[in-house]
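Colleague: To be precise about what I am sending: the file is called my_file_25.txt and holds compact mmCIF, C-alpha atoms and all ligand atoms.
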# COMPACT_ATOMS: atom_id res chain seq x y z
CA MET Y 1 -30.64 152.92 333.65
CA SER Y 2 -30.58 149.55 332.00
CA PRO Y 3 -33.35 146.95 332.02
CA GLY Y 4 -31.09 144.75 334.16
CA ALA Y 5 -31.54 147.02 337.16
CA LEU Y 6 -35.32 147.12 337.23
CA PRO Y 7 -36.29 143.83 338.90
CA ASN Y 8 -33.74 144.46 341.61
CA THR Y 9 -35.10 147.89 342.45
CA ALA Y 10 -38.59 146.44 342.68
CA PHE Y 11 -37.33 143.62 344.88
CA GLN Y 12 -35.59 145.95 347.31
CA ALA Y 13 -38.63 148.14 347.72
CA GLY Y 14 -40.63 145.14 348.93
CA ALA Y 15 -37.93 143.10 350.67
CA LEU Y 16 -38.48 144.37 354.20
CA GLU Y 17 -42.24 143.73 354.01
CA ARG Y 18 -41.55 140.36 352.42
CA VAL Y 19 -39.23 139.12 355.15
CA ILE Y 20 -41.54 140.43 357.90
CA SER Y 21 -44.56 138.72 356.38
CA LEU Y 22 -42.62 135.46 355.94
CA PHE Y 23 -41.68 135.65 359.62
CA ARG Y 24 -45.32 136.27 360.64
CA ARG Y 25 -46.65 133.46 358.48
CA SER Y 26 -44.03 131.03 359.79
CA TYR Y 27 -44.11 131.84 363.50
CA GLY Y 28 -47.47 133.58 364.07
CA THR Y 29 -45.86 136.68 365.56
CA ALA Y 30 -43.89 139.74 364.44
CA PRO Y 31 -40.06 139.72 364.41
CA ALA Y 32 -38.26 141.67 367.13
CA VAL Y 33 -35.62 142.88 364.71
CA VAL Y 34 -34.76 142.94 361.00
CA ALA Y 35 -31.21 143.57 359.79
CA SER Y 36 -29.73 143.49 356.30
CA ALA Y 37 -26.30 143.36 354.71
CA PRO Y 38 -25.11 143.71 351.10
CA GLY Y 39 -23.09 141.51 348.80
CA ARG Y 40 -19.77 142.77 347.47
CA VAL Y 41 -17.49 142.74 344.48
CA ASN Y 42 -13.75 142.94 344.81
CA LEU Y 43 -12.42 145.34 342.19
CA ILE Y 44 -8.93 143.87 342.48
CA GLY Y 45 -6.65 142.25 345.06
CA GLU Y 46 -7.79 138.64 344.74
CA HIS Y 47 -6.60 135.97 347.16
CA LEU Y 48 -4.52 138.58 348.93
CA ASP Y 49 -6.46 138.93 352.18
CA TYR Y 50 -4.95 135.71 353.56
CA ASN Y 51 -1.55 136.54 352.05
CA GLY Y 52 -1.05 139.91 353.77
CA GLY Y 53 -1.75 142.03 350.68
CA PRO Y 54 -4.14 144.88 349.80
CA VAL Y 55 -7.74 144.46 348.60
CA LEU Y 56 -10.16 146.93 346.98
CA PRO Y 57 -13.77 145.78 347.39
CA PHE Y 58 -17.08 147.67 347.41
CA ALA Y 59 -20.52 146.66 348.65
CA ILE Y 60 -23.18 146.29 345.96
CA ASP Y 61 -26.82 147.33 345.95
CA ARG Y 62 -28.15 143.80 346.45
CA ARG Y 63 -28.75 142.53 349.98
CA THR Y 64 -29.83 139.79 352.35
CA TRP Y 65 -32.43 140.53 355.04
CA VAL Y 66 -32.65 138.59 358.30
CA ALA Y 67 -35.71 138.89 360.55
CA ALA Y 68 -35.25 137.46 364.04
CA GLY Y 69 -37.23 136.79 367.20
CA ALA Y 70 -36.57 134.94 370.46
CA GLY Y 71 -36.79 131.14 370.36
CA GLU Y 72 -35.81 127.90 372.04
CA GLY Y 73 -33.49 126.09 369.64
CA PHE Y 74 -33.13 127.42 366.10
CA GLU Y 75 -35.91 127.63 363.52
CA LEU Y 76 -35.04 129.04 360.11
CA VAL Y 77 -37.08 129.74 357.00
CA SER Y 78 -36.08 131.42 353.75
CA ALA Y 79 -38.10 133.06 350.99
CA GLU Y 80 -35.55 131.88 348.43
CA PRO Y 81 -35.79 128.64 346.46
CA GLY Y 82 -33.24 125.99 347.44
CA PHE Y 83 -33.20 126.95 351.12
CA PRO Y 84 -35.50 124.52 352.91
CA ALA Y 85 -36.73 125.28 356.41
CA VAL Y 86 -34.46 124.01 359.18
CA ARG Y 87 -35.20 123.27 362.82
CA ARG Y 88 -32.21 122.38 364.97
CA GLU Y 89 -30.30 122.86 368.19
CA GLY Y 90 -26.89 124.59 368.21
CA GLY Y 91 -24.14 121.98 368.22
CA GLY Y 92 -21.65 121.41 365.41
CA PRO Y 93 -22.08 122.34 361.74
CA GLN Y 94 -24.53 120.15 359.82
CA GLY Y 95 -23.64 121.21 356.27
CA ASP Y 96 -26.67 123.30 355.32
CA TRP Y 97 -27.39 127.03 355.18
CA SER Y 98 -28.40 127.18 358.84
CA ASP Y 99 -24.70 126.78 359.75
CA TYR Y 100 -24.03 130.43 358.88
CA VAL Y 101 -26.68 131.62 361.35
CA VAL Y 102 -26.00 129.08 364.10
CA GLY Y 103 -22.26 129.75 363.73
CA VAL Y 104 -22.94 133.45 364.26
CA ALA Y 105 -25.06 132.72 367.34
CA GLY Y 106 -22.22 130.62 368.77
CA ALA Y 107 -19.69 133.38 368.04
CA LEU Y 108 -21.91 135.90 369.86
CA GLY Y 109 -21.74 133.75 373.00
CA GLU Y 110 -24.21 132.57 375.58
CA ALA Y 111 -26.81 135.32 375.20
CA ALA Y 112 -27.47 134.30 371.57
CA SER Y 113 -26.72 130.59 371.49
CA ALA Y 114 -29.91 129.28 373.14
CA GLY Y 115 -31.82 129.77 369.90
CA ALA Y 116 -33.82 132.13 367.71
CA ARG Y 117 -36.53 132.20 365.11
CA ILE Y 118 -35.18 133.42 361.80
CA ALA Y 119 -36.63 134.38 358.41
CA VAL Y 120 -34.42 135.30 355.44
CA ALA Y 121 -35.01 137.01 352.10
CA SER Y 122 -32.29 137.89 349.61
CA ASP Y 123 -31.69 139.17 346.11
CA LEU Y 124 -28.11 137.90 346.12
CA ALA Y 125 -27.56 134.79 344.07
CA VAL Y 126 -25.74 132.08 346.00
CA GLY Y 127 -22.47 130.80 344.52
CA ALA Y 128 -22.21 133.85 342.23
CA GLY Y 129 -19.02 135.10 343.87
CA LEU Y 130 -20.81 138.08 345.41
CA SER Y 131 -20.40 137.08 349.07
CA SER Y 132 -23.93 135.93 349.75
CA SER Y 133 -22.52 133.94 352.70
CA ALA Y 134 -20.87 137.00 354.29
CA ALA Y 135 -24.10 138.97 353.72
CA LEU Y 136 -26.13 136.28 355.53
CA ALA Y 137 -23.63 135.97 358.37
CA VAL Y 138 -23.22 139.72 358.89
CA ALA Y 139 -26.99 140.38 358.74
CA ALA Y 140 -27.51 137.50 361.19
CA ALA Y 141 -24.84 138.98 363.50
CA ALA Y 142 -26.60 142.36 363.45
CA ALA Y 143 -30.03 140.80 364.08
CA LEU Y 144 -28.99 138.26 366.74
CA GLY Y 145 -26.64 140.76 368.41
CA ARG Y 146 -29.52 143.20 368.77
CA LEU Y 147 -31.83 140.43 370.00
CA ALA Y 148 -29.24 139.75 372.73
CA GLY Y 149 -29.43 143.41 373.76
CA ARG Y 150 -26.24 144.62 372.07
CA SER Y 151 -25.53 147.12 369.32
CA PRO Y 152 -22.43 145.73 367.63
CA GLY Y 153 -20.52 148.15 365.37
CA PRO Y 154 -19.10 147.22 361.95
CA ASP Y 155 -15.81 145.80 363.28
CA SER Y 156 -17.57 143.58 365.77
CA LEU Y 157 -20.13 142.42 363.16
CA ALA Y 158 -17.31 141.59 360.73
CA ASP Y 159 -15.41 139.69 363.40
CA THR Y 160 -18.45 137.67 364.50
CA ALA Y 161 -19.32 136.74 360.90
CA PHE Y 162 -15.68 135.88 360.17
CA ARG Y 163 -15.47 133.54 363.15
CA ALA Y 164 -18.72 131.85 362.11
CA GLU Y 165 -17.54 131.26 358.53
CA HIS Y 166 -13.91 130.49 359.29
CA ASP Y 167 -14.04 128.60 362.59
CA TYR Y 168 -17.51 127.04 362.50
CA VAL Y 169 -18.38 126.48 358.80
CA GLY Y 170 -14.73 125.73 358.01
CA VAL Y 171 -13.99 127.97 354.99
CA ARG Y 172 -10.46 129.21 355.56
CA CYS Y 173 -11.39 132.64 354.21
CA GLY Y 174 -9.68 135.95 354.90
CA ARG Y 175 -11.53 138.93 356.36
CA MET Y 176 -12.18 140.99 353.22
CA ASP Y 177 -15.80 140.01 352.64
CA GLN Y 178 -17.06 140.46 356.19
CA THR Y 179 -15.17 143.76 356.54
CA ILE Y 180 -16.72 145.41 353.47
CA VAL Y 181 -20.16 143.88 353.92
CA ALA Y 182 -20.36 145.11 357.54
CA GLY Y 183 -18.79 148.54 357.16
CA ALA Y 184 -19.10 149.83 353.58
CA ALA Y 185 -19.88 153.52 353.11
CA ASP Y 186 -22.34 154.31 350.31
CA GLY Y 187 -20.67 155.41 347.06
CA THR Y 188 -17.19 154.27 348.05
CA ALA Y 189 -14.77 151.38 347.65
CA LEU Y 190 -12.46 150.36 350.48
CA TYR Y 191 -8.73 150.09 350.01
CA LEU Y 192 -7.61 147.79 352.81
CA GLU Y 193 -4.05 146.72 353.59
CA THR Y 194 -4.86 143.41 355.24
CA ALA Y 195 -1.45 143.07 356.94
CA THR Y 196 -1.84 146.25 358.98
CA GLY Y 197 -5.59 146.89 358.85
CA ALA Y 198 -4.86 150.35 357.35
CA ALA Y 199 -7.98 151.34 355.42
CA VAL Y 200 -8.72 154.18 353.01
CA THR Y 201 -12.22 154.96 351.77
CA CYS Y 202 -12.08 155.78 348.03
CA PRO Y 203 -14.99 157.58 346.33
CA PHE Y 204 -16.39 155.20 343.70
CA PRO Y 205 -19.07 156.94 341.65
CA TYR Y 206 -18.78 154.43 338.78
CA THR Y 207 -20.91 151.59 337.51
CA VAL Y 208 -19.40 148.13 337.28
CA TRP Y 209 -21.22 145.54 335.21
CA ILE Y 210 -21.64 142.10 336.65
CA MET Y 211 -22.10 138.95 334.58
CA ALA Y 212 -22.51 135.57 336.20
CA THR Y 213 -20.62 132.65 334.67
CA GLY Y 214 -23.46 130.38 335.74
CA VAL Y 215 -20.87 128.10 337.33
CA GLU Y 216 -21.72 127.88 341.01
CA HIS Y 217 -18.74 127.67 343.31
CA VAL Y 218 -18.76 125.91 346.66
CA LEU Y 219 -16.04 127.35 348.84
CA ALA Y 220 -15.50 124.79 351.58
CA ALA Y 221 -15.48 121.93 349.08
CA GLY Y 222 -13.73 123.73 346.22
CA GLY Y 223 -10.16 124.71 345.46
CA TYR Y 224 -10.15 127.61 347.92
CA ASN Y 225 -8.81 125.83 350.99
CA ALA Y 226 -6.32 123.95 348.79
CA ARG Y 227 -4.96 127.23 347.35
CA ARG Y 228 -4.62 128.67 350.80
CA ALA Y 229 -2.62 125.63 351.90
CA GLU Y 230 -0.38 126.02 348.82
CA CYS Y 231 0.25 129.66 349.73
CA GLU Y 232 1.16 128.69 353.30
CA HIS Y 233 3.52 126.03 352.01
CA ALA Y 234 5.11 128.51 349.58
CA LEU Y 235 5.57 131.01 352.43
CA SER Y 236 7.35 128.44 354.57
CA LEU Y 237 9.69 127.61 351.65
CA CYS Y 238 10.35 131.32 350.99
CA ARG Y 239 11.25 131.77 354.65
CA GLU Y 240 14.14 129.33 354.23
CA ARG Y 241 15.70 132.06 352.09
CA TRP Y 242 14.09 135.16 353.67
CA PRO Y 243 13.55 134.22 357.34
CA ARG Y 244 11.84 137.47 358.30
CA LEU Y 245 9.32 137.47 355.43
CA ALA Y 246 6.01 138.37 357.10
CA SER Y 247 3.73 137.19 354.27
CA LEU Y 248 3.86 136.33 350.56
CA ALA Y 249 2.59 139.80 349.68
CA ALA Y 250 5.59 141.27 351.51
CA LEU Y 251 8.04 139.62 349.12
CA ASP Y 252 10.05 142.32 347.35
CA PRO Y 253 9.14 142.22 343.62
CA ASP Y 254 12.89 142.43 342.91
CA SER Y 255 13.32 139.10 344.72
CA LEU Y 256 10.57 137.45 342.68
CA PRO Y 257 12.88 135.88 340.03
CA GLU Y 258 14.96 134.26 342.77
CA ALA Y 259 11.84 133.04 344.57
CA LEU Y 260 10.45 131.58 341.34
CA ALA Y 261 13.70 129.75 340.69
CA ARG Y 262 13.66 128.21 344.17
CA LEU Y 263 10.02 127.14 344.34
CA PRO Y 264 8.60 123.93 342.90
CA THR Y 265 5.72 124.22 340.46
CA PRO Y 266 2.85 125.14 340.90
CA LEU Y 267 3.90 127.07 344.05
CA ASP Y 268 6.03 129.37 341.88
CA ARG Y 269 2.96 130.45 339.92
CA ARG Y 270 0.90 131.00 343.08
CA VAL Y 271 3.60 133.29 344.47
CA ARG Y 272 3.88 135.17 341.17
CA HIS Y 273 0.15 135.85 341.35
CA VAL Y 274 0.36 137.16 344.92
CA VAL Y 275 3.35 139.43 344.27
CA THR Y 276 2.12 140.85 340.94
CA GLU Y 277 -1.47 141.23 342.22
CA THR Y 278 -0.19 143.18 345.22
CA ALA Y 279 1.55 145.64 342.87
CA ARG Y 280 -1.52 145.84 340.59
CA THR Y 281 -3.84 146.56 343.51
CA ARG Y 282 -1.69 149.44 344.76
CA ARG Y 283 -1.56 150.86 341.25
CA ALA Y 284 -5.32 150.41 340.90
CA ARG Y 285 -5.92 152.52 344.00
CA ALA Y 286 -3.72 155.26 342.56
CA ALA Y 287 -5.53 155.04 339.20
CA LEU Y 288 -8.87 155.28 340.98
CA GLU Y 289 -7.77 158.37 342.87
CA ARG Y 290 -6.81 159.99 339.57
CA GLY Y 291 -10.04 158.89 337.87
CA ALA Y 292 -7.88 157.02 335.31
CA LEU Y 293 -10.47 154.43 334.35
CA ALA Y 294 -8.66 153.11 331.26
CA GLU Y 295 -5.64 152.36 333.44
CA LEU Y 296 -7.84 150.76 336.09
CA GLY Y 297 -9.45 148.63 333.38
CA ALA Y 298 -6.07 147.43 332.09
CA LEU Y 299 -5.07 146.45 335.64
CA LEU Y 300 -8.29 144.45 336.08
CA THR Y 301 -7.63 142.60 332.83
CA ALA Y 302 -4.04 141.83 333.85
CA GLY Y 303 -5.39 140.60 337.19
CA HIS Y 304 -7.69 138.22 335.36
CA ALA Y 305 -4.81 136.82 333.30
CA SER Y 306 -2.94 136.20 336.54
CA LEU Y 307 -5.90 134.32 338.04
CA ARG Y 308 -6.20 132.28 334.84
CA GLU Y 309 -2.51 131.45 334.32
CA ASP Y 310 -0.91 131.64 337.75
CA PHE Y 311 -3.52 131.14 340.45
CA GLU Y 312 -5.60 128.81 338.27
CA SER Y 313 -8.84 129.83 339.94
CA SER Y 314 -10.66 130.85 336.76
CA VAL Y 315 -13.09 128.83 334.63
CA PRO Y 316 -13.49 128.88 330.81
CA GLU Y 317 -16.81 130.74 331.12
CA ALA Y 318 -15.11 133.64 332.95
CA ASP Y 319 -12.20 133.70 330.48
CA PHE Y 320 -14.70 133.85 327.64
CA LEU Y 321 -16.68 136.72 329.17
CA VAL Y 322 -13.59 138.83 329.83
CA HIS Y 323 -12.17 138.15 326.36
CA ALA Y 324 -15.48 138.88 324.60
CA ALA Y 325 -15.97 142.08 326.61
CA LEU Y 326 -12.52 143.36 325.61
CA GLU Y 327 -13.24 142.53 321.97
CA HIS Y 328 -16.41 144.60 322.17
CA GLY Y 329 -14.69 147.62 323.69
CA ALA Y 330 -14.67 147.07 327.46
CA LEU Y 331 -12.03 149.01 329.39
CA GLY Y 332 -11.25 145.88 331.39
CA GLY Y 333 -12.68 142.99 333.30
CA ARG Y 334 -11.91 140.14 335.62
CA LEU Y 335 -13.28 137.32 337.66
CA THR Y 336 -14.20 138.62 341.11
CA GLY Y 337 -14.19 136.78 344.44
CA ALA Y 338 -12.87 133.33 345.18
CA GLY Y 339 -13.26 131.95 341.65
CA TRP Y 340 -13.92 128.44 340.32
CA GLY Y 341 -17.12 129.97 338.96
CA GLY Y 342 -18.98 133.02 340.23
CA SER Y 343 -19.12 136.31 338.34
CA VAL Y 344 -16.97 138.62 336.26
CA ILE Y 345 -16.93 142.39 336.64
CA LEU Y 346 -16.58 144.60 333.59
CA LEU Y 347 -15.77 148.28 333.13
CA LEU Y 348 -17.74 149.28 330.05
CA PRO Y 349 -17.35 152.38 327.85
CA ASP Y 350 -19.54 155.33 328.80
CA GLY Y 351 -22.73 155.56 326.81
CA HIS Y 352 -22.32 152.10 325.27
CA GLU Y 353 -22.66 149.95 328.39
CA TRP Y 354 -25.88 148.19 327.59
CA GLU Y 355 -24.91 147.66 323.94
CA VAL Y 356 -21.56 146.05 324.86
CA ALA Y 357 -23.08 143.98 327.67
CA SER Y 358 -25.75 142.66 325.28
CA GLU Y 359 -23.17 141.73 322.65
CA VAL Y 360 -21.10 139.87 325.23
CA ALA Y 361 -24.18 138.05 326.52
CA ALA Y 362 -25.14 137.05 322.97
CA ALA Y 363 -21.62 135.75 322.23
CA PHE Y 364 -21.67 133.77 325.50
CA ALA Y 365 -25.05 132.27 324.58
CA LEU Y 366 -23.69 131.07 321.24
CA ARG Y 367 -20.76 129.37 322.93
CA PHE Y 368 -22.33 128.02 326.14
CA GLY Y 369 -26.00 127.71 325.25
CA ARG Y 370 -27.37 130.00 327.94
CA THR Y 371 -27.76 133.78 328.11
CA PRO Y 372 -26.31 135.53 331.14
CA ALA Y 373 -28.19 138.62 332.41
CA PRO Y 374 -25.68 141.47 332.77
CA TRP Y 375 -26.52 144.04 335.43
CA PRO Y 376 -25.01 147.32 336.59
CA ALA Y 377 -23.79 147.55 340.18
CA ARG Y 378 -23.01 150.71 342.13
CA ALA Y 379 -21.19 151.06 345.43
CA ALA Y 380 -23.70 150.80 348.28
CA GLY Y 381 -23.73 151.00 352.08
CA GLY Y 382 -23.00 148.16 354.50
CA ALA Y 383 -25.00 146.35 357.20
CA ARG Y 384 -27.89 148.12 358.90
CA LEU Y 385 -30.79 147.55 361.25
CA ASP Y 386 -33.98 147.94 359.19
CA LEU Y 387 -36.46 147.44 362.02
CA VAL Y 388 -36.34 147.21 365.81
CA ALA Y 389 -39.71 146.50 367.43
C1 LIG Y 401 -13.47 134.63 349.16
C2 LIG Y 401 -13.01 134.78 350.59
C3 LIG Y 401 -12.21 136.07 350.79
C4 LIG Y 401 -11.11 136.23 349.75
C5 LIG Y 401 -11.64 135.95 348.35
C6 LIG Y 401 -10.55 135.91 347.31
O1 LIG Y 401 -14.40 135.62 348.84
O2 LIG Y 401 -14.10 134.77 351.48
O3 LIG Y 401 -11.69 136.11 352.11
O4 LIG Y 401 -10.02 135.40 350.06
O5 LIG Y 401 -12.37 134.73 348.27
O6 LIG Y 401 -9.95 137.16 347.17
With the file now loaded, output its structure as structure tokens.
Modeller:
Amino acid sequence: MSPGALPNTAFQAGALERVISLFRRSYGTAPAVVASAPGRVNLIGEHLDYNGGPVLPFAIDRRTWVAAGAGEGFELVSAEPGFPAVRREGGGPQGDWSDYVVGVAGALGEAASAGARIAVASDLAVGAGLSSSAALAVAAAAALGRLAGRSPGPDSLADTAFRAEHDYVGVRCGRMDQTIVAGAADGTALYLETATGAAVTCPFPYTVWIMATGVEHVLAAGGYNARRAECEHALSLCRERWPRLASLAALDPDSLPEALARLPTPLDRRVRHVVTETARTRRARAALERGALAELGALLTAGHASLREDFESSVPEADFLVHAALEHGALGGRLTGAGWGGSVILLLPDGHEWEVASEVAAAFALRFGRTPAPWPARAAGGARLDLVA
């Protein structure tokens, strides 16, 4: 195990006690419930969940814990720097981190919306492309749902968290993050066809290395909603030619040249990303089932090129990390999550992982003046109740 994993292991061992003691210190009483939910990486299938295509995420072994107790109005504290305490009523979004919890309470309905006392601890970096927002929302849904006397299952947790983020916070996200964060099975990735909801659990006994670009993305304010609008516009133009086209991902790859010729730029490139990424993701699932890691790696790298050239959601830091990793022998790598910053995932050669990761980090430091800390991630389980008083 690499040095990168050690602080995290130590953090997790103490996280439950930490969030309980923060709750006690803040409110003078014990929490009624503690729930937690993991972050995620998406192996491949980027920007497909709102385009009707397949995705292949897994939950990682870093989590967010939410301790909750009854309250009048909402009081929230966090153990993490940069998350100041908030005291508020429900009402509309106010643009800080409490929106994710209050949005969840609203989505749960009357029994939860009067208020709650909340304490949060997390070892998921915010803005690192690892779904810290879905982890917070899903853990809050599990905790507040239980506080309201319910025991929501994974689908219901995912739906509540999705409505909070999409309808209340205003990020026009798809459902990939909430689905995997709520329902992941330990040691597996989830192949999900977002158009039909058909899901296949794929054993994933591998280690994926994560390196943060250090560029923090902000979804609601960033390019994400703009890209989604471009995709919707492209779909409406494609339907002038193919009236029954259900989604961009459903476009027949054989029709792609004709679509590209008809579409104005940059919509042509957005559509090319969606159609080629859909094909790559299906091939990646097949490669995974065969244990063909070199092939999987090549698909990840091609996916990154598509994000860089066609979807234009990458940043120079991510391009550098992927390029440097390949030069040092990585099997493949790509930017994961929404983009415009966040993290890259790398498949590194067996037995040389730490060596390659260190070389890439050193090259990055020379170019960008800061040293990223690579760390190995394994597929972990989804949301859970950690304590019910
Ligand atoms: C964010 C969104 C997801 C998905 C990815 C891109 O993580 O929350 O719904 O669209 O970006 O694949």
Colleague: Which residue, Y:Asp99, Y:Asp49, Y:Glu193, Y:Glu240, has the smallest gap to Arg262 of chain Y when you use all atoms listed in the file?
Modeller: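 For Arg262 of chain Y, the nearest of the candidates is Y:Glu240.
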Colleague: Would you mind reading off the distance between atom CA of Leu307 of chain Y and atom CA of Asp319 of chain Y, one decimal, in Å?
Modeller: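 Computing the Euclidean distance for atom CA of Leu307 of chain Y and atom CA of Asp319 of chain Y yields 9.9 Å.
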Colleague: Return as a PyMOL selection string the residues of protein, DNA or RNA that approach ligand LIG 401 (chain Y) to within 7 Å, with all atoms listed in the file taken into account.
Modeller: chain Y and resi 45-50+129+131+173-177+337-338
Colleague: What lies within 9 Å of segment 241-257 of chain Y using all atoms listed in the file, ignoring chain neighbours under 2 positions off, as a PDB file with C-alpha atoms, in the coordinates of the input?
Modeller:
ATOM      1  CA  LEU Y  48      -4.520 138.580 348.930  1.00  0.00           C
ATOM      2  CA  TYR Y  50      -4.950 135.710 353.560  1.00  0.00           C
ATOM      3  CA  ASN Y  51      -1.550 136.540 352.050  1.00  0.00           C
ATOM      4  CA  GLY Y  52      -1.050 139.910 353.770  1.00  0.00           C
ATOM      5  CA  GLY Y  53      -1.750 142.030 350.680  1.00  0.00           C
ATOM      6  CA  PRO Y  54      -4.140 144.880 349.800  1.00  0.00           C
ATOM      7  CA  ALA Y 195      -1.450 143.070 356.940  1.00  0.00           C
ATOM      8  CA  CYS Y 231       0.250 129.660 349.730  1.00  0.00           C
ATOM      9  CA  GLU Y 232       1.160 128.690 353.300  1.00  0.00           C
ATOM     10  CA  ALA Y 234       5.110 128.510 349.580  1.00  0.00           C
ATOM     11  CA  LEU Y 235       5.570 131.010 352.430  1.00  0.00           C
ATOM     12  CA  SER Y 236       7.350 128.440 354.570  1.00  0.00           C
ATOM     13  CA  LEU Y 237       9.690 127.610 351.650  1.00  0.00           C
ATOM     14  CA  CYS Y 238      10.350 131.320 350.990  1.00  0.00           C
ATOM     15  CA  ARG Y 239      11.250 131.770 354.650  1.00  0.00           C
ATOM     16  CA  ALA Y 259      11.840 133.040 344.570  1.00  0.00           C
ATOM     17  CA  LEU Y 260      10.450 131.580 341.340  1.00  0.00           C
ATOM     18  CA  ALA Y 261      13.700 129.750 340.690  1.00  0.00           C
ATOM     19  CA  ARG Y 262      13.660 128.210 344.170  1.00  0.00           C
ATOM     20  CA  VAL Y 271       3.600 133.290 344.470  1.00  0.00           C
ATOM     21  CA  ARG Y 272       3.880 135.170 341.170  1.00  0.00           C
ATOM     22  CA  VAL Y 274       0.360 137.160 344.920  1.00  0.00           C
ATOM     23  CA  VAL Y 275       3.350 139.430 344.270  1.00  0.00           C
ATOM     24  CA  THR Y 276       2.120 140.850 340.940  1.00  0.00           C
ATOM     25  CA  GLU Y 277      -1.470 141.230 342.220  1.00  0.00           C
ATOM     26  CA  THR Y 278      -0.190 143.180 345.220  1.00  0.00           C
ATOM     27  CA  ALA Y 279       1.550 145.640 342.870  1.00  0.00           C
TER      28      ALA Y 279
END
Colleague: Considering all atoms listed in the file, state which residue in the set Y:Val102, Y:Ala389, Y:Ala37, Y:Ser132 is at the smallest distance from Ala114 of chain Y.
Modeller: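 For Ala114 of chain Y, the nearest of the given residues is Y:Val102.
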Colleague: Point out the residue among Y:Arg146, Y:Arg117, Y:His233, Y:Arg163 with the least atom-to-atom distance to Arg270 of chain Y, counting only C-alpha atoms.
Modeller: Y:His233
Colleague: Quick one: residues within 12 Å of Val120 of chain Y, only C-alpha atoms counted, chain neighbours fewer than 3 positions away excluded, as number ranges by chain?
Modeller: Y: 15-23, 26, 31, 34-37, 63-68, 75-81, 83-86, 97-98, 100-101, 117, 123-124, 132, 135-137, 139-140, 143
Colleague: Quick one: residues within 8 Å of segment 362-374 of chain Y, all atoms listed in the file counted, chain neighbours fewer than 5 positions away excluded, as a list in words?
Modeller: Gly4, Trp209, Ile210, Met211, Ala212, Thr213, Gly214, Glu317, Phe320, Leu321, Ala324 and Ala357 of chain Y
Colleague: Near Gly127 of chain Y, counting all atoms listed in the file, which residues have an atom at most 9 Å away, once you skip same-chain residues fewer than 2 positions from it, shown as a compact mmCIF listing (two decimals) with C-alpha atoms, keeping the file's coordinate frame?
Modeller:
# COMPACT_ATOMS: atom_id res chain seq x y z
CA ALA Y 125 -27.56 134.79 344.07
CA GLY Y 129 -19.02 135.10 343.87
CA LEU Y 130 -20.81 138.08 345.41
CA SER Y 131 -20.40 137.08 349.07
CA SER Y 132 -23.93 135.93 349.75
CA SER Y 133 -22.52 133.94 352.70
CA GLY Y 214 -23.46 130.38 335.74
CA VAL Y 215 -20.87 128.10 337.33
CA GLU Y 216 -21.72 127.88 341.01
CA HIS Y 217 -18.74 127.67 343.31
CA VAL Y 218 -18.76 125.91 346.66
CA LEU Y 219 -16.04 127.35 348.84
CA GLY Y 341 -17.12 129.97 338.96
CA GLY Y 342 -18.98 133.02 340.23
CA SER Y 343 -19.12 136.31 338.34
Colleague: For Gly329 of chain Y, list every protein, DNA or RNA residue within 10 Å, evaluated using all atoms listed in the file, and leave out those in the same chain fewer than 6 positions away; present the list as a list in words.
Modeller: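 Surrounding residues, per the criterion: Leu347, Leu348, Pro349, His352, Glu353, Val356 and Ala357 of chain Y.
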Colleague: Residues of the last selection are to be written out with C-alpha atoms, as a PDB file, in the coordinates of the input.
Modeller:
ATOM      1  CA  LEU Y 347     -15.770 148.280 333.130  1.00  0.00           C
ATOM      2  CA  LEU Y 348     -17.740 149.280 330.050  1.00  0.00           C
ATOM      3  CA  PRO Y 349     -17.350 152.380 327.850  1.00  0.00           C
ATOM      4  CA  HIS Y 352     -22.320 152.100 325.270  1.00  0.00           C
ATOM      5  CA  GLU Y 353     -22.660 149.950 328.390  1.00  0.00           C
ATOM      6  CA  VAL Y 356     -21.560 146.050 324.860  1.00  0.00           C
ATOM      7  CA  ALA Y 357     -23.080 143.980 327.670  1.00  0.00           C
TER       8      ALA Y 357
END
